[in-house]
Amino acid sequence: MAALLLPSRLPTNTTATPASTRSTPSPSFLSFPSTATPASRRRCRGPLLASSGAAPPALAPAAQPFRALPPSETTVLVTGATGYIGRYVVRELLRRGHRVLAVARARSGIRGRNSPEDVVADLAPAQVVFSDVTDPAALLADLSARGPVHAAVCCLASRGGGVQDSWRVDYRATLHTLQAARGLGASHFVLLSAICVQKPLLEFQRAKLKFEEELAAEAARDPAFTYSIVRPTAFFKSLGGQVDIVKNGQPYVMFGDGKLCACKPISEEDLAAFIADCIYDEDKINQVLPIGGPGKALTPLEQGEMLFRLLGREPKFIKVPIQIMDGVIWVLDGLAKLFPGLVDAAEFGKIGRYYASESMLLLDPETEEYSDEKTPSYGKDTLEQFFERVIREGMAGQELGEQTIF
């Protein structure tokens, strides 16, 4: 097995291939026995545990035999397989010919509305394993007879971004996925993260960053193991919550003048394709990969104007002063000190404030400003096409669930 350590720096790759071609909890974790080859066992020394030590010097990645195999002979483990992006990742891997081992909850979807039979049908012909990623012993028991696997993709994310839930899912459950994947012999790990972790002001961002650091340290310690950290910008569905409202004649709501932030949204299909590319593409090995969709970055004002244009209506906006959110957060923070049960409510307010004012673009370390030009683009699906489809068909399959602000 392997020991996870903390590195001081993560490499960042800001190029992309076109689609066409605060303190941290200190939980203890189980070490999983390896089912890899004897040679792999010799390379993996010690238990796979979190540690606060310094990262070992980075070594050049060793050759990984699975990359020479055709997709039909490779098995990819996917956790978060029933999530918004995970479902598309499973489908894309299957489309490319990979064997897929998909981990799902017995009741999935928004408010657990999907039965096990629904999940199996939705992800077919993937092999579906129902397990609890927050329970490392259960995950090990449920997967132990399903290996080996060659690579793993983790699409887990906390549902609302609450403090405890962030550490439970974005850190611990993700670490359990890595432990299980390594135990099953995986030599490459693709993590679906988020571009906003580059400016960590929220608990879920800190949780994701802690795991990113430990993932990079594992690869630095073991040259036979590699990773790809995918940091996408905004998803289409997170920008579609006001389509029906505007379609019904109501104004478009935005904060400030609508120019406080911008993003290069990417579709679920394009993001899934980029994630699938990470399985084989050697230029994505041991890299942090910020990625957005095609075209220029769009502000909320430009998104609203686009929506009114598609509907053939004159723009009508409600501009909400951002200071209102600051006041709400101040009140909730104060109340949370007296009533701990309000801690998550205060965190949700901070999340809303963050997304209302911070761009989902690459943060240029030299200028400390968000850069449209330096945010890589990938794919072919545009936000305008998405808006047109939602105007025609509604948001079926794109429900926001706990993620909605308006």
# chains A, B, ... in the order shown; residues from 1 in each chain; ligands from 1
>>> closest_atom_pairs(of="stretch 243-361 of chain A", to="stretch 375-381 of chain A", cutoff="12 Å", atoms="only C-alpha atoms", output="CSV")
residue,atom,partner,partner_atom,distance
A:Ala262,CA,A:Thr375,CA,11.5
A:Cys263,CA,A:Thr375,CA,9.4
A:Lys264,CA,A:Ser377,CA,7.9
A:Pro265,CA,A:Asp381,CA,9.4
A:Ile266,CA,A:Asp381,CA,7.3
A:Ser267,CA,A:Asp381,CA,6.2
A:Glu268,CA,A:Asp381,CA,9.2
A:Glu269,CA,A:Asp381,CA,8.3
A:Asp270,CA,A:Gly379,CA,5.2
A:Leu271,CA,A:Gly379,CA,7.9
A:Ala272,CA,A:Gly379,CA,10.1
A:Ala273,CA,A:Gly379,CA,8.3
A:Phe274,CA,A:Tyr378,CA,7.6
A:Ile275,CA,A:Tyr378,CA,11.1
A:Asp277,CA,A:Tyr378,CA,11.5
A:Val288,CA,A:Pro376,CA,11.9
A:Leu289,CA,A:Pro376,CA,8.6
A:Pro290,CA,A:Pro376,CA,6.7
A:Ile291,CA,A:Pro376,CA,5.2
A:Gly292,CA,A:Ser377,CA,4.8
A:Gly293,CA,A:Ser377,CA,5.0
A:Pro294,CA,A:Ser377,CA,5.1
A:Gly295,CA,A:Ser377,CA,7.3
A:Lys296,CA,A:Ser377,CA,9.0
A:Ala297,CA,A:Thr375,CA,9.0
A:Ser359,CA,A:Thr375,CA,11.1
A:Met360,CA,A:Thr375,CA,9.2
A:Leu361,CA,A:Thr375,CA,5.8
>>> select_by_dssp(residues="stretch 88-310 of chain A", states="strand (DSSP E)", output="ChimeraX atom specification")
/A:99-104,127-130,151-154,188-192,226-232,252-255,287-291
>>> write_last_selection(atoms="C-alpha atoms", output="compact mmCIF listing (two decimals), in the first residue's frame")
# COMPACT_ATOMS: atom_id res chain seq x y z
CA ARG A 99 -15.41 -1.57 -18.85
CA VAL A 100 -16.93 0.51 -16.07
CA LEU A 101 -17.39 -0.34 -12.40
CA ALA A 102 -19.85 2.28 -11.13
CA VAL A 103 -20.39 2.88 -7.41
CA ALA A 104 -23.82 4.24 -6.49
CA GLN A 127 -21.40 -2.99 -13.63
CA VAL A 128 -23.14 -1.19 -10.74
CA VAL A 129 -22.09 -1.68 -7.12
CA PHE A 130 -24.29 -0.19 -4.42
CA ALA A 151 -7.94 3.60 -13.36
CA ALA A 152 -10.46 5.44 -11.22
CA VAL A 153 -12.56 8.57 -11.67
CA CYS A 154 -13.98 10.32 -8.61
CA HIS A 188 -4.22 6.36 -12.40
CA PHE A 189 -6.76 8.52 -10.56
CA VAL A 190 -8.87 11.27 -12.13
CA LEU A 191 -10.38 13.74 -9.67
CA LEU A 192 -13.28 16.01 -10.56
CA THR A 226 -0.37 9.08 -11.50
CA TYR A 227 -3.30 11.47 -11.30
CA SER A 228 -5.21 14.14 -13.19
CA ILE A 229 -7.05 16.87 -11.27
CA VAL A 230 -9.82 18.40 -13.39
CA ARG A 231 -11.02 21.84 -12.28
CA PRO A 232 -14.01 22.84 -14.41
CA TYR A 252 -33.64 38.48 -14.68
CA VAL A 253 -32.06 38.81 -11.23
CA MET A 254 -28.36 39.62 -10.85
CA PHE A 255 -26.05 41.09 -8.25
CA GLN A 287 -1.42 17.86 -13.74
CA VAL A 288 -4.02 20.25 -12.40
CA LEU A 289 -6.26 20.98 -15.37
CA PRO A 290 -8.53 24.04 -15.28
CA ILE A 291 -11.07 23.74 -18.05
>>> closest_residue(among="A:Pro365, A:Gly241, A:Pro340, A:Gly185", to="A:Gly394", atoms="only C-alpha atoms")
A:Gly241
>>> closest_residue(among="A:Pro125, A:Gly327, A:Gly83, A:Gly249", to="A:Gly312", atoms="only C-alpha atoms")
A:Gly249
>>> residues_around(residues="A:Lys210", least_positions_apart="4", cutoff="8 Å", atoms="only C-alpha atoms", output="PyMOL selection string")
chain A and resi 171+206+214
>>> closest_residue(among="A:Thr74, A:Pro200, A:Asp170, A:Pro136", to="A:Val149", atoms="only C-alpha atoms")
A:Thr74
>>> atom_distance(atom1="atom CA of A:Glu314", atom2="atom CA of A:Gln385")
19.8 Å
>>> select_by_dssp(residues="stretch 106-290 of chain A", states="alpha helix (DSSP H)", output="ChimeraX atom specification")
/A:116-123,136-143,163-165,174-183,203-221,243-247,268-280
>>> write_last_selection(atoms="C-alpha atoms", output="short mmCIF file (atom, residue, chain, number, x, y, z; two decimals), in the first residue's frame")
data_model
loop_
_atom_site.label_atom_id
_atom_site.label_comp_id
_atom_site.auth_asym_id
_atom_site.auth_seq_id
_atom_site.Cartn_x
_atom_site.Cartn_y
_atom_site.Cartn_z
CA PRO A 116 -31.69 0.66 -7.53
CA GLU A 117 -33.47 -0.67 -10.59
CA ASP A 118 -33.58 2.84 -12.06
CA VAL A 119 -29.84 3.27 -11.46
CA VAL A 120 -28.89 -0.06 -13.03
CA ALA A 121 -30.99 0.73 -16.10
CA ASP A 122 -29.63 4.27 -16.37
CA LEU A 123 -25.96 3.19 -16.18
CA PRO A 136 -14.43 2.75 4.08
CA ALA A 137 -15.00 -0.75 5.46
CA ALA A 138 -18.29 -1.14 3.58
CA LEU A 139 -16.77 0.23 0.39
CA LEU A 140 -13.88 -2.24 0.64
CA ALA A 141 -16.22 -5.15 1.30
CA ASP A 142 -18.49 -4.27 -1.62
CA LEU A 143 -15.63 -3.80 -4.10
CA VAL A 163 -19.32 22.40 6.79
CA GLN A 164 -19.55 18.82 8.03
CA ASP A 165 -20.86 17.49 4.73
CA THR A 174 -12.95 10.97 -1.85
CA LEU A 175 -10.03 9.60 0.15
CA HIS A 176 -11.95 6.35 0.62
CA THR A 177 -12.30 6.18 -3.17
CA LEU A 178 -8.54 6.55 -3.57
CA GLN A 179 -7.89 3.89 -0.94
CA ALA A 180 -10.29 1.46 -2.59
CA ALA A 181 -8.95 2.19 -6.08
CA ARG A 182 -5.37 1.60 -4.99
CA GLY A 183 -6.44 -1.57 -3.22
CA GLU A 203 -15.23 24.90 3.64
CA PHE A 204 -15.86 22.64 0.65
CA GLN A 205 -12.96 24.31 -1.17
CA ARG A 206 -10.62 23.64 1.74
CA ALA A 207 -11.76 20.02 1.87
CA LYS A 208 -11.17 19.54 -1.85
CA LEU A 209 -7.74 21.18 -1.65
CA LYS A 210 -6.64 18.94 1.20
CA PHE A 211 -7.45 15.88 -0.86
CA GLU A 212 -5.77 17.34 -3.96
CA GLU A 213 -2.59 17.78 -1.94
CA GLU A 214 -2.66 14.23 -0.64
CA LEU A 215 -3.36 12.85 -4.11
CA ALA A 216 -0.36 14.68 -5.55
CA ALA A 217 1.81 13.46 -2.66
CA GLU A 218 0.84 9.85 -3.36
CA ALA A 219 2.01 10.23 -6.96
CA ALA A 220 5.20 11.96 -5.84
CA ARG A 221 5.99 9.05 -3.56
CA VAL A 243 -34.78 30.50 -17.82
CA ASP A 244 -38.35 29.57 -16.89
CA ILE A 245 -38.71 32.68 -14.73
CA VAL A 246 -37.75 34.97 -17.59
CA LYS A 247 -39.80 32.92 -20.04
CA GLU A 268 -21.83 17.92 -19.00
CA GLU A 269 -21.05 16.00 -22.20
CA ASP A 270 -17.97 18.06 -22.99
CA LEU A 271 -16.69 17.82 -19.43
CA ALA A 272 -17.26 14.06 -19.40
CA ALA A 273 -15.27 13.79 -22.62
CA PHE A 274 -12.40 15.79 -21.14
CA ILE A 275 -12.40 13.59 -18.04
CA ALA A 276 -12.36 10.47 -20.21
CA ASP A 277 -9.40 11.90 -22.14
CA CYS A 278 -7.46 11.92 -18.86
CA ILE A 279 -7.45 8.12 -18.73
CA TYR A 280 -5.04 7.77 -21.66
#
>>> residues_around(residues="A:Gly240", least_positions_apart="5", cutoff="8 Å", atoms="only C-alpha atoms", output="PyMOL selection string")
chain A and resi 387+390+395
>>> closest_residue(among="A:Lys199, A:Arg107, A:Lys237, A:Lys259", to="A:Tyr84", atoms="only C-alpha atoms")
A:Lys237
>>> closest_residue(among="A:Arg159, A:Pro71, A:Gly258, A:Pro223", to="A:Glu305", atoms="only C-alpha atoms")
A:Gly258
>>> atom_distance(atom1="atom CA of A:Pro321", atom2="atom CA of A:Glu369")
22.4 Å
>>> atom_distance(atom1="atom CA of A:Tyr354", atom2="atom CA of A:Leu260")
10.6 Å
